[in-house]
Structure formats: structure tokens, C-alpha cells
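This report refers to the structure that appears directly beneath it.
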Protein chains: 2
Amino acid sequence: MKRNSRLSLALHTLGHMAGKPDRVQTSAEIADHAGTNAVVVRRVLGKLREAGLLVSEKGHSGGWKLARTPNDITLADIYLALDEQLVPAPDETDKPHCSIEHALHARVSAIMTDVEQSLIERLSATSLADVREPL
Amino acid sequence: MKRNSRLSLALHTLGHMAGKPDRVQTSAEIADHAGTNAVVVRRVLGKLREAGLLVSEKGHSGGWKLARTPNDITLADIYLALDEQLVPAPDETDKPHCSIEHALHARVSAIMTDVEQSLIERLSATSLADVREPL
DNA sequence: GGTTACGTAACTAACTTGGTTACTAGATAC
DNA sequence: GTATCTAGTAACCAAGTTAGTTACGTAACC
């Protein structure tokens with residue numbers, strides 16, 4: 001699998017759940033449908049649960065379902081839940097020895113942070129429900 | 001070192017070269033100053049040479065220097081020379097089995113591609129010479 | 001010809017990530 | 001109460017990535 005497979009898995013799973021918001025699915029079912037492993041599914045979906053997008057139940061007839069309506073879950077919610085930032089968080093440990101390096105880094109970091117912010121804003125404009133509709 | 005150490009090294013090196021555009025520096029000198037290895041330096045700077053930002057000379061009194069004036073090298077040039085794309089290039093190999101997954105992916109990819117484009121545009125607004133000046 | 005410095009291949013160590021196995025902890029069915 | 005089902009999680013493995021290192025070839029200059 002490739003680098004953003006977690007995002008792929010999350011989108012895939014939530015997309016299907018948005019179609020049947022009341023259906024409860026087990027991690028095994030989801031893994032089977034996504035061509036991966038139940039533990040991997042639980043790892044990724046666990047992040048989404050921490051972010052309040054999903055709820056999970058143990059035991060018989062347990063499993064996963066959406067914690068909110070598809071209308072109330074945006075692409076930004078999903079992206080942020082996985083906390084995979086595009087721009088590597090400004091690393092406090094590397095102190096810029098040279099002022100010139102510091103200035104360049106500051107400039108680039110400022111732009112990248114800004115751009116990531118705009119990414120999040122744009123992702124937040126689309127909900128799961130929106131994407132159910134044909135484009 | 002962290003993930004974008006190549007970009008760090010490139011910015012660092014070019015930043016210093018911009019201060020003394022005529023000085024020729026060996027990869028050993030640069031590595032020493034950047035706290036890394038000469039081979040690593042040649043690898044990264046090789047990318048910048050391929051992109052036409054640097055020239056290198058072999059032999060006695062050989063080394064590296066800028067191929068253009070600092071005014072003519074933008075942060076976007078540097079970023080692009082390293083071809084580390086933020087948004088993973090739309091992978092042709094993964095065929096979207098489900099239409100819903102496809103639709104979601106298409107939406108997210110479109111936004112990400114767009115955002116990366118705007119990153120490049122913003123980086124291209126600043127040249128090495130600009131950053132020499134105090135902010 | 002010898003020295004210098006780039007160009008590159010090959011190897012290593014550290015790290016990341018997805019996959020897998022195995023186990024524990026709840027919740028329901030019986 | 002016991003069996004069964006499912007999430008939660010730890011531990012480990014394999015593959016891939018990356019920086020670092022060593023070694024050697026190649027070109028330029030003295």
C-alpha cells in the first residue's frame with residue numbers, strides 16, 4: 001500500500017457508512033471489503049473514534065457506525081482525525097544555527113502552515129453527504 | 001534528522017551561497033558547515049544542479065556555486081528541484097473498486113492538487129535575494 | 001603523474017508502516 | 001454462569017525509505 005493508505009481506508013469506510021448510517025459493521029467486515037486486516041481497520045477507525053466521528057461497541061452484534069449524520073462529518077474532520085500533517089510540525093529540536101538558515105526556514109514554514117490551513121478550510125466545505133450526491 | 005532534511009540542507013546551502021555568489025565551495029566544506037556528510041551534500045546538490053540552480057566543477061579548485069543570481073532563484077525553484085510532493089501523486093495503480101471511494105478520493109485529490117499548486121505559487125513569490133534582507 | 005573534488009554504487013542503521021498473531025476485556029446469547 | 005462474539009492492544013515481522021558511510025571511478029588542474 002502507499003503512503004496515505006490510512007486516509008484511503010478512512011474515506012472508503014466512512015463513505016460506505018454514510019450510505020447506511022444505521023448499519024453496524026464489524027472490523028472484520030470492513031477489512032474484508034477494503035482488502036486489508038481487521039487490526040489495521042481498528043487502528044485507523046480508532047483514530048476516527050477518538051475524534052468523535054465513529055462509535056464502536058464490543059460484544060455480540062457490536063461493531064462500528066457513524067457517531068453523527070453524514071451531513072455533519074466533513075472531509076476536514078477525517079483528515080484532521082488522522083493527524084497526518086502535510087507540513088512537518090516546526091521541529092523545536094533543531095535550532096537554526098545560522099541566521100540565514102533560520103530566515104529561510106521561517107519563510108518556508110510560514111507559507112506551508114498557511115497553505116495547510118487553507119487545505120483544511122477547503123476540505124471542511126465538503127461533507128460526507130455531499131459526496132454521496134453525484135458530482 | 002527529520003523528514004525534510006533535504007529541503008533544510010538545500011535552503012541552508014543556497015542561503016549562504018546567495019551571500020557570496022562568486023565563492024566556490026566544496027561538498028566537504030558544505031557538509032562540514034551543515035553537520036552532515038559530503039556524499040549526502042552531493043546527492044542533494046545534484047538535484048539542484050539538474051534543476052539548473054547550481055553548477056559544479058571537478059578537479060582542483062572545483063566545487064559548487066550558484067548557476068544564477070540569487071534574485072533569479074525562488075523558493076519554488078528549490079522546492080520543485082527536490083521533487084518531494086506534498087500530495088502523493090495520484091496513484092494510477094490503485095483502481096477505485098467502489099464508486100463511492102472513487103468519488104471521495106477524487107474530491108480530496110482535487111483539493112490537494114489545487115492546494116499544492118497554490119503552495120508553489122506562493123513560494124515562487126520569494127527569491128533567495130529577498131530573504132537575505134531582514135524581514 | 002599526482003592531487004583535488006565531483007559522481008556514484010554499495011552497504012548499513014534507524015525509522016516508518018502495513019500486516020499478522022495472540023491475548024485481554026466487555027457485551028450479548030444461551 | 002458459560003460460551004461466543006467483537007473491540008482494544010501489545011508484540012512482532014517484512015518491506016520500504018532515508019541519512020550516513022566507505023570505496024572507487026572520472027575529470028580538471030598543478
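Following the order of the C-alpha cells, chains are lettered A, B, ..., residues in each are numbered from 1, and ligands are numbered from 1.
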For this session: Could you give me, as a list in words, each residue of range 60-113 of chain B that DSSP assigns to strand (DSSP E) when run on this structure's backbone?
Result: Gly63, Trp64, Lys65 and Leu66 of chain B
Problem set entry | Neighbours of chain C in chain A at 7 Å, counting only C-alpha atoms (C1' of nucleotides), as a list in words | Lys58, Gly59 and His60 of chain A
Taking C-alpha atoms for each residue, export the selection above as a compact mmCIF listing (two decimals), in the first residue's frame.
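Just written: part.txt:
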# COMPACT_ATOMS: atom_id res chain seq x y z
CA LYS A 58 -17.93 -4.56 21.88
CA GLY A 59 -19.53 -7.95 22.11
CA HIS A 60 -22.22 -9.71 20.20
Using DSSP on the backbone, list every residue of range 26-133 of chain B that comes out as helix (DSSP H, G or I), and give them as a PDB file with N, CA and C atoms, in the first residue's frame.
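Once written, selection34.pdb looks like this:
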ATOM      1  N   SER B  27      31.978  20.195  -1.596  1.00  0.00           N
ATOM      2  CA  SER B  27      30.952  19.459  -0.863  1.00  0.00           C
ATOM      3  C   SER B  27      31.418  19.160   0.557  1.00  0.00           C
ATOM      4  N   ALA B  28      32.723  19.012   0.743  1.00  0.00           N
ATOM      5  CA  ALA B  28      33.245  18.746   2.083  1.00  0.00           C
ATOM      6  C   ALA B  28      33.030  19.954   2.986  1.00  0.00           C
ATOM      7  N   GLU B  29      33.307  21.142   2.440  1.00  0.00           N
ATOM      8  CA  GLU B  29      33.100  22.356   3.228  1.00  0.00           C
ATOM      9  C   GLU B  29      31.633  22.509   3.610  1.00  0.00           C
ATOM     10  N   ILE B  30      30.786  22.304   2.622  1.00  0.00           N
ATOM     11  CA  ILE B  30      29.352  22.464   2.859  1.00  0.00           C
ATOM     12  C   ILE B  30      28.869  21.457   3.883  1.00  0.00           C
ATOM     13  N   ALA B  31      29.321  20.212   3.724  1.00  0.00           N
ATOM     14  CA  ALA B  31      28.912  19.161   4.656  1.00  0.00           C
ATOM     15  C   ALA B  31      29.357  19.513   6.066  1.00  0.00           C
ATOM     16  N   ASP B  32      30.560  19.991   6.174  1.00  0.00           N
ATOM     17  CA  ASP B  32      31.093  20.348   7.473  1.00  0.00           C
ATOM     18  C   ASP B  32      30.233  21.431   8.122  1.00  0.00           C
ATOM     19  N   HIS B  33      29.909  22.408   7.327  1.00  0.00           N
ATOM     20  CA  HIS B  33      29.137  23.527   7.845  1.00  0.00           C
ATOM     21  C   HIS B  33      27.713  23.135   8.196  1.00  0.00           C
ATOM     22  N   ALA B  34      27.191  22.160   7.464  1.00  0.00           N
ATOM     23  CA  ALA B  34      25.800  21.765   7.685  1.00  0.00           C
ATOM     24  C   ALA B  34      25.693  20.592   8.649  1.00  0.00           C
ATOM     25  N   ALA B  38      29.675  14.647   3.050  1.00  0.00           N
ATOM     26  CA  ALA B  38      29.905  15.195   1.717  1.00  0.00           C
ATOM     27  C   ALA B  38      29.099  14.465   0.647  1.00  0.00           C
ATOM     28  N   VAL B  39      28.938  13.173   0.800  1.00  0.00           N
ATOM     29  CA  VAL B  39      28.168  12.426  -0.200  1.00  0.00           C
ATOM     30  C   VAL B  39      26.706  12.840  -0.160  1.00  0.00           C
ATOM     31  N   VAL B  40      26.195  13.028   1.032  1.00  0.00           N
ATOM     32  CA  VAL B  40      24.817  13.476   1.176  1.00  0.00           C
ATOM     33  C   VAL B  40      24.654  14.843   0.507  1.00  0.00           C
ATOM     34  N   VAL B  41      25.631  15.699   0.730  1.00  0.00           N
ATOM     35  CA  VAL B  41      25.583  17.024   0.122  1.00  0.00           C
ATOM     36  C   VAL B  41      25.568  16.909  -1.402  1.00  0.00           C
ATOM     37  N   ARG B  42      26.437  16.081  -1.924  1.00  0.00           N
ATOM     38  CA  ARG B  42      26.486  15.952  -3.386  1.00  0.00           C
ATOM     39  C   ARG B  42      25.178  15.388  -3.923  1.00  0.00           C
ATOM     40  N   ARG B  43      24.563  14.500  -3.176  1.00  0.00           N
ATOM     41  CA  ARG B  43      23.276  13.943  -3.617  1.00  0.00           C
ATOM     42  C   ARG B  43      22.216  15.036  -3.711  1.00  0.00           C
ATOM     43  N   VAL B  44      22.112  15.810  -2.661  1.00  0.00           N
ATOM     44  CA  VAL B  44      21.068  16.835  -2.641  1.00  0.00           C
ATOM     45  C   VAL B  44      21.387  17.941  -3.642  1.00  0.00           C
ATOM     46  N   LEU B  45      22.629  18.385  -3.624  1.00  0.00           N
ATOM     47  CA  LEU B  45      23.001  19.468  -4.529  1.00  0.00           C
ATOM     48  C   LEU B  45      22.962  19.017  -5.993  1.00  0.00           C
ATOM     49  N   GLY B  46      23.122  17.718  -6.195  1.00  0.00           N
ATOM     50  CA  GLY B  46      22.996  17.189  -7.549  1.00  0.00           C
ATOM     51  C   GLY B  46      21.611  17.447  -8.112  1.00  0.00           C
ATOM     52  N   LYS B  47      20.607  17.304  -7.269  1.00  0.00           N
ATOM     53  CA  LYS B  47      19.236  17.604  -7.687  1.00  0.00           C
ATOM     54  C   LYS B  47      19.112  19.076  -8.088  1.00  0.00           C
ATOM     55  N   LEU B  48      19.735  19.911  -7.306  1.00  0.00           N
ATOM     56  CA  LEU B  48      19.643  21.343  -7.591  1.00  0.00           C
ATOM     57  C   LEU B  48      20.393  21.685  -8.870  1.00  0.00           C
ATOM     58  N   ARG B  49      21.449  20.937  -9.131  1.00  0.00           N
ATOM     59  CA  ARG B  49      22.177  21.171 -10.380  1.00  0.00           C
ATOM     60  C   ARG B  49      21.325  20.732 -11.570  1.00  0.00           C
ATOM     61  N   GLU B  50      20.685  19.564 -11.432  1.00  0.00           N
ATOM     62  CA  GLU B  50      19.806  19.085 -12.502  1.00  0.00           C
ATOM     63  C   GLU B  50      18.727  20.116 -12.814  1.00  0.00           C
ATOM     64  N   PRO B  70      21.050  35.286  -7.123  1.00  0.00           N
ATOM     65  CA  PRO B  70      20.098  34.999  -6.045  1.00  0.00           C
ATOM     66  C   PRO B  70      18.720  35.567  -6.335  1.00  0.00           C
ATOM     67  N   ASN B  71      18.694  36.630  -7.098  1.00  0.00           N
ATOM     68  CA  ASN B  71      17.432  37.255  -7.451  1.00  0.00           C
ATOM     69  C   ASN B  71      16.605  36.365  -8.360  1.00  0.00           C
ATOM     70  N   ASP B  72      17.296  35.462  -9.017  1.00  0.00           N
ATOM     71  CA  ASP B  72      16.647  34.650 -10.038  1.00  0.00           C
ATOM     72  C   ASP B  72      16.393  33.223  -9.579  1.00  0.00           C
ATOM     73  N   LEU B  75      12.080  30.325  -3.973  1.00  0.00           N
ATOM     74  CA  LEU B  75      11.874  29.191  -3.072  1.00  0.00           C
ATOM     75  C   LEU B  75      11.148  28.055  -3.791  1.00  0.00           C
ATOM     76  N   ALA B  76      10.319  28.414  -4.741  1.00  0.00           N
ATOM     77  CA  ALA B  76       9.619  27.384  -5.507  1.00  0.00           C
ATOM     78  C   ALA B  76      10.597  26.581  -6.353  1.00  0.00           C
ATOM     79  N   ASP B  77      11.588  27.258  -6.916  1.00  0.00           N
ATOM     80  CA  ASP B  77      12.603  26.543  -7.697  1.00  0.00           C
ATOM     81  C   ASP B  77      13.266  25.474  -6.844  1.00  0.00           C
ATOM     82  N   ILE B  78      13.577  25.842  -5.618  1.00  0.00           N
ATOM     83  CA  ILE B  78      14.263  24.910  -4.719  1.00  0.00           C
ATOM     84  C   ILE B  78      13.345  23.760  -4.352  1.00  0.00           C
ATOM     85  N   TYR B  79      12.131  24.139  -3.972  1.00  0.00           N
ATOM     86  CA  TYR B  79      11.149  23.112  -3.582  1.00  0.00           C
ATOM     87  C   TYR B  79      10.925  22.122  -4.715  1.00  0.00           C
ATOM     88  N   LEU B  80      10.740  22.637  -5.907  1.00  0.00           N
ATOM     89  CA  LEU B  80      10.453  21.761  -7.044  1.00  0.00           C
ATOM     90  C   LEU B  80      11.659  20.927  -7.444  1.00  0.00           C
ATOM     91  N   ALA B  81      12.857  21.495  -7.262  1.00  0.00           N
ATOM     92  CA  ALA B  81      14.067  20.772  -7.661  1.00  0.00           C
ATOM     93  C   ALA B  81      14.207  19.469  -6.880  1.00  0.00           C
ATOM     94  N   SER B  99     -17.458   3.001  -6.323  1.00  0.00           N
ATOM     95  CA  SER B  99     -17.674   4.338  -6.877  1.00  0.00           C
ATOM     96  C   SER B  99     -17.632   5.381  -5.773  1.00  0.00           C
ATOM     97  N   ILE B 100     -18.060   4.969  -4.586  1.00  0.00           N
ATOM     98  CA  ILE B 100     -18.081   5.933  -3.503  1.00  0.00           C
ATOM     99  C   ILE B 100     -16.657   6.299  -3.089  1.00  0.00           C
ATOM    100  N   GLU B 101     -15.813   5.288  -3.037  1.00  0.00           N
ATOM    101  CA  GLU B 101     -14.424   5.567  -2.701  1.00  0.00           C
ATOM    102  C   GLU B 101     -13.808   6.448  -3.783  1.00  0.00           C
ATOM    103  N   HIS B 102     -14.131   6.134  -5.012  1.00  0.00           N
ATOM    104  CA  HIS B 102     -13.593   6.925  -6.113  1.00  0.00           C
ATOM    105  C   HIS B 102     -13.999   8.380  -6.014  1.00  0.00           C
ATOM    106  N   ALA B 103     -15.265   8.601  -5.716  1.00  0.00           N
ATOM    107  CA  ALA B 103     -15.771   9.972  -5.641  1.00  0.00           C
ATOM    108  C   ALA B 103     -15.089  10.742  -4.515  1.00  0.00           C
ATOM    109  N   LEU B 104     -14.939  10.096  -3.378  1.00  0.00           N
ATOM    110  CA  LEU B 104     -14.296  10.765  -2.248  1.00  0.00           C
ATOM    111  C   LEU B 104     -12.839  11.075  -2.560  1.00  0.00           C
ATOM    112  N   HIS B 105     -12.172  10.085  -3.119  1.00  0.00           N
ATOM    113  CA  HIS B 105     -10.772  10.292  -3.450  1.00  0.00           C
ATOM    114  C   HIS B 105     -10.592  11.408  -4.464  1.00  0.00           C
ATOM    115  N   ALA B 106     -11.462  11.411  -5.428  1.00  0.00           N
ATOM    116  CA  ALA B 106     -11.360  12.434  -6.464  1.00  0.00           C
ATOM    117  C   ALA B 106     -11.509  13.818  -5.843  1.00  0.00           C
ATOM    118  N   ARG B 107     -12.446  13.923  -4.922  1.00  0.00           N
ATOM    119  CA  ARG B 107     -12.687  15.210  -4.299  1.00  0.00           C
ATOM    120  C   ARG B 107     -11.465  15.656  -3.498  1.00  0.00           C
ATOM    121  N   VAL B 108     -10.952  14.745  -2.684  1.00  0.00           N
ATOM    122  CA  VAL B 108      -9.806  15.089  -1.852  1.00  0.00           C
ATOM    123  C   VAL B 108      -8.579  15.378  -2.717  1.00  0.00           C
ATOM    124  N   SER B 109      -8.354  14.550  -3.719  1.00  0.00           N
ATOM    125  CA  SER B 109      -7.181  14.752  -4.568  1.00  0.00           C
ATOM    126  C   SER B 109      -7.237  16.076  -5.298  1.00  0.00           C
ATOM    127  N   ALA B 110      -8.424  16.413  -5.769  1.00  0.00           N
ATOM    128  CA  ALA B 110      -8.566  17.677  -6.486  1.00  0.00           C
ATOM    129  C   ALA B 110      -8.184  18.839  -5.580  1.00  0.00           C
ATOM    130  N   ILE B 111      -8.650  18.785  -4.360  1.00  0.00           N
ATOM    131  CA  ILE B 111      -8.351  19.862  -3.420  1.00  0.00           C
ATOM    132  C   ILE B 111      -6.858  19.898  -3.111  1.00  0.00           C
ATOM    133  N   MET B 112      -6.284  18.729  -2.891  1.00  0.00           N
ATOM    134  CA  MET B 112      -4.867  18.686  -2.531  1.00  0.00           C
ATOM    135  C   MET B 112      -3.977  19.175  -3.667  1.00  0.00           C
ATOM    136  N   THR B 113      -4.302  18.766  -4.869  1.00  0.00           N
ATOM    137  CA  THR B 113      -3.527  19.207  -6.015  1.00  0.00           C
ATOM    138  C   THR B 113      -3.595  20.731  -6.142  1.00  0.00           C
ATOM    139  N   ASP B 114      -4.781  21.220  -5.960  1.00  0.00           N
ATOM    140  CA  ASP B 114      -5.016  22.651  -6.009  1.00  0.00           C
ATOM    141  C   ASP B 114      -4.188  23.387  -4.957  1.00  0.00           C
ATOM    142  N   VAL B 115      -4.196  22.839  -3.777  1.00  0.00           N
ATOM    143  CA  VAL B 115      -3.504  23.477  -2.664  1.00  0.00           C
ATOM    144  C   VAL B 115      -1.993  23.434  -2.888  1.00  0.00           C
ATOM    145  N   GLU B 116      -1.508  22.323  -3.415  1.00  0.00           N
ATOM    146  CA  GLU B 116      -0.076  22.255  -3.683  1.00  0.00           C
ATOM    147  C   GLU B 116       0.310  23.285  -4.743  1.00  0.00           C
ATOM    148  N   GLN B 117      -0.568  23.462  -5.722  1.00  0.00           N
ATOM    149  CA  GLN B 117      -0.301  24.474  -6.741  1.00  0.00           C
ATOM    150  C   GLN B 117      -0.188  25.851  -6.105  1.00  0.00           C
ATOM    151  N   SER B 118      -1.052  26.108  -5.168  1.00  0.00           N
ATOM    152  CA  SER B 118      -1.014  27.429  -4.537  1.00  0.00           C
ATOM    153  C   SER B 118       0.219  27.557  -3.649  1.00  0.00           C
ATOM    154  N   LEU B 119       0.671  26.448  -3.089  1.00  0.00           N
ATOM    155  CA  LEU B 119       1.931  26.470  -2.341  1.00  0.00           C
ATOM    156  C   LEU B 119       3.072  26.904  -3.247  1.00  0.00           C
ATOM    157  N   ILE B 120       3.117  26.308  -4.421  1.00  0.00           N
ATOM    158  CA  ILE B 120       4.203  26.615  -5.349  1.00  0.00           C
ATOM    159  C   ILE B 120       4.142  28.075  -5.785  1.00  0.00           C
ATOM    160  N   GLU B 121       2.923  28.535  -6.034  1.00  0.00           N
ATOM    161  CA  GLU B 121       2.800  29.938  -6.434  1.00  0.00           C
ATOM    162  C   GLU B 121       3.307  30.869  -5.344  1.00  0.00           C
ATOM    163  N   ARG B 122       2.978  30.523  -4.128  1.00  0.00           N
ATOM    164  CA  ARG B 122       3.407  31.401  -3.038  1.00  0.00           C
ATOM    165  C   ARG B 122       4.910  31.328  -2.820  1.00  0.00           C
ATOM    166  N   LEU B 123       5.472  30.134  -2.984  1.00  0.00           N
ATOM    167  CA  LEU B 123       6.928  30.013  -2.830  1.00  0.00           C
ATOM    168  C   LEU B 123       7.656  30.761  -3.939  1.00  0.00           C
ATOM    169  N   LEU B 128      15.794  34.038  -3.302  1.00  0.00           N
ATOM    170  CA  LEU B 128      16.876  33.971  -2.317  1.00  0.00           C
ATOM    171  C   LEU B 128      17.306  35.372  -1.900  1.00  0.00           C
ATOM    172  N   ALA B 129      17.344  36.258  -2.864  1.00  0.00           N
ATOM    173  CA  ALA B 129      17.761  37.623  -2.544  1.00  0.00           C
ATOM    174  C   ALA B 129      16.794  38.280  -1.563  1.00  0.00           C
ATOM    175  N   ASP B 130      15.517  37.989  -1.717  1.00  0.00           N
ATOM    176  CA  ASP B 130      14.522  38.578  -0.817  1.00  0.00           C
ATOM    177  C   ASP B 130      14.803  38.196   0.633  1.00  0.00           C
ATOM    178  N   VAL B 131      15.208  36.967   0.827  1.00  0.00           N
ATOM    179  CA  VAL B 131      15.344  36.501   2.200  1.00  0.00           C
ATOM    180  C   VAL B 131      16.661  36.960   2.822  1.00  0.00           C
ATOM    181  N   ARG B 132      17.594  37.384   1.990  1.00  0.00           N
ATOM    182  CA  ARG B 132      18.796  37.988   2.558  1.00  0.00           C
ATOM    183  C   ARG B 132      18.447  39.241   3.343  1.00  0.00           C
TER     184      ARG B 132
END
Can you tell me which residues surround Thr69 in chain B at a distance of at most 12 Å, considering only C-alpha atoms (C1' of nucleotides), apart from same-chain residues fewer than 2 positions away, and format the answer as a PDB file with C-alpha atoms, in the first residue's frame?
ATOM      1  CA  LEU B  14      21.751  28.140  -1.115  1.00  0.00           C
ATOM      2  CA  GLY B  15      21.135  30.757   1.520  1.00  0.00           C
ATOM      3  CA  MET B  17      25.786  30.933  -1.398  1.00  0.00           C
ATOM      4  CA  ALA B  18      23.417  33.782  -2.062  1.00  0.00           C
ATOM      5  CA  GLY B  19      25.534  35.884   0.264  1.00  0.00           C
ATOM      6  CA  LYS B  20      28.694  35.227  -1.708  1.00  0.00           C
ATOM      7  CA  PRO B  21      27.566  34.248  -5.198  1.00  0.00           C
ATOM      8  CA  ASP B  22      31.084  34.006  -6.587  1.00  0.00           C
ATOM      9  CA  GLY B  52      19.723  24.412 -13.159  1.00  0.00           C
ATOM     10  CA  LEU B  53      20.139  26.175  -9.835  1.00  0.00           C
ATOM     11  CA  LEU B  54      23.754  25.217  -9.234  1.00  0.00           C
ATOM     12  CA  LYS B  65      28.278  27.719  -6.869  1.00  0.00           C
ATOM     13  CA  LEU B  66      25.011  29.293  -7.938  1.00  0.00           C
ATOM     14  CA  ALA B  67      24.104  28.982 -11.589  1.00  0.00           C
ATOM     15  CA  ASN B  71      17.432  37.255  -7.451  1.00  0.00           C
ATOM     16  CA  ASP B  72      16.647  34.650 -10.038  1.00  0.00           C
ATOM     17  CA  ILE B  73      16.210  31.690  -7.732  1.00  0.00           C
ATOM     18  CA  THR B  74      12.893  31.395  -5.951  1.00  0.00           C
ATOM     19  CA  SER B 127      13.662  34.759  -4.126  1.00  0.00           C
ATOM     20  CA  LEU B 128      16.876  33.971  -2.317  1.00  0.00           C
ATOM     21  CA  ALA B 129      17.761  37.623  -2.544  1.00  0.00           C
ATOM     22  CA  ASP B 130      14.522  38.578  -0.817  1.00  0.00           C
TER      23      ASP B 130
END
For this session: Using only C-alpha atoms (C1' of nucleotides), determine which residues of chain D fall within 12 Å of chain B; present them as an NGL selection string.
Result: :D and (17-23 or 26-30)
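Here C1' of DA10 in chain D and CA of Gln85 in chain A stand 26.2 Å from one another.
For the residues A:Val87, A:Ser124, A:Cys98, A:Trp64, ranking by smallest atom-to-atom distance to His16 in chain A using only C-alpha atoms places A:Trp64 first.
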